[in-house]
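Worksheet: one structure, shown below.
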Amino acid sequence: MSPSSDSPSPPPLGRTAIRPAWDTLPGPVRQAIAEQLPAPVTAVVNQGGGFTPGIAAQLRLADGTAVFVKAVPTTHPLVGTYRHEGHIAARLPLATPAPRLRWTGTTGGWVVLVFDNVEGRHPDLAPGSADISGVVNAVAAMSQTLTPCPILDVEPSSTARGDWLHGWDLLVHDMPHDLGGWERRHLNELVKAETVWKAHADGPALVHGDIRPDNLLVTTGTRTGTDAGAPVDGIAVVDWARASRGAFWQDVADLVPHLIMAGHTPAAAEACLAAVPAWQQTDAGVLTSYAIAYAGYWAWASRQPAPPGVPHLRTYQRHAATAAIAWIRHRADGISPIP
Ligand SMILES: Nc1ncnc2c1ncn2[C@@H]1O[C@H](COP(=O)(O)OP(=O)(O)OP(=O)(O)O)[C@@H](O)[C@H]1O
Ligand SMILES: [Mg+2]
C-alpha cells in the first residue's frame, strides 16, 4: 500500500520514486551505454530511492562487476541538475566518499551518467542505530577533502541554495488554513529569520547540499587478502546534483531534520553532532535561522500540488516540515531565540 497524505511515518527509504524501468530506454540509448561498459549487461535492478522520475538502475555485467546508471530526457525540466551532477561528479577528488563517474554524455535525446555501482543499503538513522556514528564521521570528514573547493565554476551556496531554501515568505502571502498555532503566532519573526543563514552560507568548501539518508549508502563488502571474508563498512555519498561552493556546516546541519524524522528528539539529534567541529563552530543564531529556512521550505512545498510522476514527495515533505518545526521550537525555547 502506498503511504497516504495522512501516513504517520515518512515513505520508506528506497521506495519513494516511481521511475521508468531500464528497458523503457530507447534501444539506441541502451546500445550507446552498453558501448561504454567493459562487458555485456546480464541483469538490471531498477532503483526506487529518491524522488526524481528519471531512470536509475544498477546493471550487473558479465565480468562480475556492476555499474549504476542515471538517465533523463533532454526535454525534462530537471535535465540541468543531471548535467550539473555530471560536471561535479567528474571533478570530485578521489578521496571523496563518492562513487566514481565512469562516463557521462548526451545520446539519443537522453542525458546519461554511468557510475561505479555501490553495493550497499541506506543508513538507519533511528535512535540507537549503529549506522549513525559512521554517517556523522563520514559527512564531517568530507570537509577536509572538499576544502578548498576542488571545482572552480560552482555557484555560491548563498544563491544556489538560498534561492529555494525558504518558504515562510511565501506562506505569509497565502496563509494555509491548517498552519499550526505556534507558526501563526511567530510568522513575522519566521519570515525575517529565515534569511539570516544566507549571509553565512558562502565559504571555501564544496557543499553537497542534499545530505539525507537516501543519498547515503552504507557500503557492504568483504576484505580480500589476509583478512579475507571480514566485513568492510563505509559510507558512500551519492547524488551531487545540488552541490555548491560554500560553508561546510550546511552538510553537517542537514543531518538534524533527518535524525528527527528517524525518531530522535531535536536535542538527541543535535547531540549526535556534538563532536563535529563545523557544528561546534557555527553560530547558534545561524543554525536556528537555517532550521527555520528548512521548515519554511518544507511547510510551503508540502502544500503544493504533486509534480507529475512523483507521488510520495509531498508526504515526505510534510514529515520533514514537522521535524524541522520541532527543531526550531527546541532551539527557540532554549538555545537561540529566533534571530
Ligand atoms: N552509484 C550508485 N550505486 C548504487 N546505487 C546507487 C548509486 N547512486 C545512487 N544509488 C541508488 O539510487 C537511488 C537514486 O539515486 P540518486 O539519488 O542519485 O537519484 P536521483 O534521481 O537524483 O534522486 P533524487 O530524487 O534524490 O534527486 C539512491 O537513493 C540510491 O539508493
Ligand atoms: Mg537522490
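Letters A, B, ... mark the chains of the C-alpha cells in the order given; residue numbers begin at 1 per chain; ligand numbers begin at 1, in order shown.
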
Could you pull out the residues in segment 78-116 of chain A that DSSP calls helix (DSSP H, G or I) from the backbone, as JSON, numbers by chain? {"A": [79, 80, 81, 82, 83, 84, 85, 86, 87, 88, 89]}

Long-range neighbours of Trp164 of chain A as a list in words, 9 Å cut-off, only C-alpha atoms, 4 positions minimum in chain: Thr159, Ala160 and Tyr297 of chain A

For the selection you just gave me, I'd like the residues written to a file as a PDB file, in the first residue's frame, keeping N, CA, C and O atoms.
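See selection-v1.pdb below for the written result:
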ATOM      1  N   THR A 159      23.376  31.720  -3.134  1.00  0.00           N
ATOM      2  CA  THR A 159      22.361  31.811  -4.196  1.00  0.00           C
ATOM      3  C   THR A 159      21.879  30.423  -4.626  1.00  0.00           C
ATOM      4  O   THR A 159      20.676  30.196  -4.745  1.00  0.00           O
ATOM      5  N   ALA A 160      22.825  29.478  -4.812  1.00  0.00           N
ATOM      6  CA  ALA A 160      22.415  28.139  -5.290  1.00  0.00           C
ATOM      7  C   ALA A 160      21.418  27.514  -4.328  1.00  0.00           C
ATOM      8  O   ALA A 160      20.456  26.864  -4.737  1.00  0.00           O
ATOM      9  N   TYR A 297      10.627  26.063   3.940  1.00  0.00           N
ATOM     10  CA  TYR A 297      10.635  25.451   2.613  1.00  0.00           C
ATOM     11  C   TYR A 297       9.714  24.234   2.586  1.00  0.00           C
ATOM     12  O   TYR A 297       8.849  24.099   1.705  1.00  0.00           O
TER      13      TYR A 297
END

Taking only C-alpha atoms and all ligand atoms and a cut-off of 6 Å, can you tell me which residues surround ligand 2, written as a count of residues only? 4

Sorted by chain and rising residue number, which residues of chain A lie within 6 Å of ligand 1, and what are their closest atom pairs and distances in Å to one decimal, counting only C-alpha atoms and all ligand atoms, as a Markdown table?
| residue | atom | partner | partner_atom_place_in_ligand_line | distance |
| --- | --- | --- | --- | --- |
| A:Gly14 | CA | ligand 1 | 31 (O) | 5.8 |
| A:Gln47 | CA | ligand 1 | 12 (O) | 5.1 |
| A:Gly49 | CA | ligand 1 | 29 (O) | 3.6 |
| A:Gly50 | CA | ligand 1 | 25 (O) | 3.4 |
| A:Phe51 | CA | ligand 1 | 25 (O) | 3.3 |
| A:Thr52 | CA | ligand 1 | 25 (O) | 3.7 |
| A:Gly54 | CA | ligand 1 | 21 (O) | 5.6 |
| A:Ala56 | CA | ligand 1 | 14 (C) | 5.8 |
| A:Phe68 | CA | ligand 1 | 3 (N) | 5.0 |
| A:Pro99 | CA | ligand 1 | 1 (N) | 5.2 |
| A:Phe115 | CA | ligand 1 | 1 (N) | 5.2 |
| A:Asp116 | CA | ligand 1 | 1 (N) | 5.4 |
| A:Asn117 | CA | ligand 1 | 3 (N) | 3.7 |
| A:Val118 | CA | ligand 1 | 3 (N) | 3.7 |
| A:Asp214 | CA | ligand 1 | 29 (O) | 4.3 |
| A:Asn215 | CA | ligand 1 | 29 (O) | 5.1 |
| A:Val238 | CA | ligand 1 | 8 (N) | 5.1 |
| A:Asp239 | CA | ligand 1 | 18 (O) | 3.9 |

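Among the candidates A:Leu259, A:Val172, A:Val112, A:Ala271, the one nearest to Thr74 of chain A when counting only C-alpha atoms is A:Val112.
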
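Between atom CA of Thr322 of chain A and atom CA of Leu216 of chain A there is a distance of 22.1 Å.
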
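Taking atom CA of Ser143 of chain A as the reference point, atom CA of Asp283 of chain A is found at 17.7 Å.
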
Give me, as a PyMOL selection string, all polymer residues having an atom no more than 12 Å from Gln281 of chain A, counting only C-alpha atoms and skipping those fewer than 6 positions away in the same chain. chain A and resi 247-250+252-253+273-275+287

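Excluding segment 27-43 of chain A and any residue on its chain fewer than 3 positions from it, the residues at most 8 Å away by only C-alpha atoms are A:Leu59, A:Arg60, A:Leu61, A:Ala62, A:Asp63, A:Trp103, A:Thr107, A:Gly108, A:Trp110.
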
Output for the residues just chosen: C-alpha atoms as a compact mmCIF listing (two decimals), in the first residue's frame:
# COMPACT_ATOMS: atom_id res chain seq x y z
CA LEU A 59 23.43 -3.01 -14.22
CA ARG A 60 25.18 -6.30 -13.47
CA LEU A 61 27.83 -7.15 -16.04
CA ALA A 62 29.12 -10.42 -17.41
CA ASP A 63 32.61 -9.79 -15.94
CA TRP A 103 31.08 8.24 -18.26
CA THR A 107 22.84 10.33 -26.56
CA GLY A 108 19.59 9.83 -28.48
CA TRP A 110 18.92 11.48 -23.13

Which residues come within 12 Å of segment 176-193 of chain A, counting only C-alpha atoms, excluding same-chain residues fewer than 4 positions away, as a ChimeraX atom specification? /A:166-172,197-199,285-297,299-304,318,321-322,324-326,328-329,332,336-339

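Taking atom CA of Thr81 of chain A as the reference point, atom CA of Asn46 of chain A is found at 20.3 Å.
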
With distances taken over only C-alpha atoms, the candidate from A:Thr147, A:Gln317, A:Gln58, A:Ser129 nearest Leu113 of chain A is A:Gln58

Rank nothing, just name the residue among A:Glu155, A:Ala320, A:Ala306, A:Pro127 nearest to Cys272 of chain A, using only C-alpha atoms. A:Pro127

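Between Leu152 of chain A and the residues A:Leu78, A:Ala205, A:Val114, A:Ala138, the shortest atom-to-atom distance, using only C-alpha atoms, involves A:Ala205.
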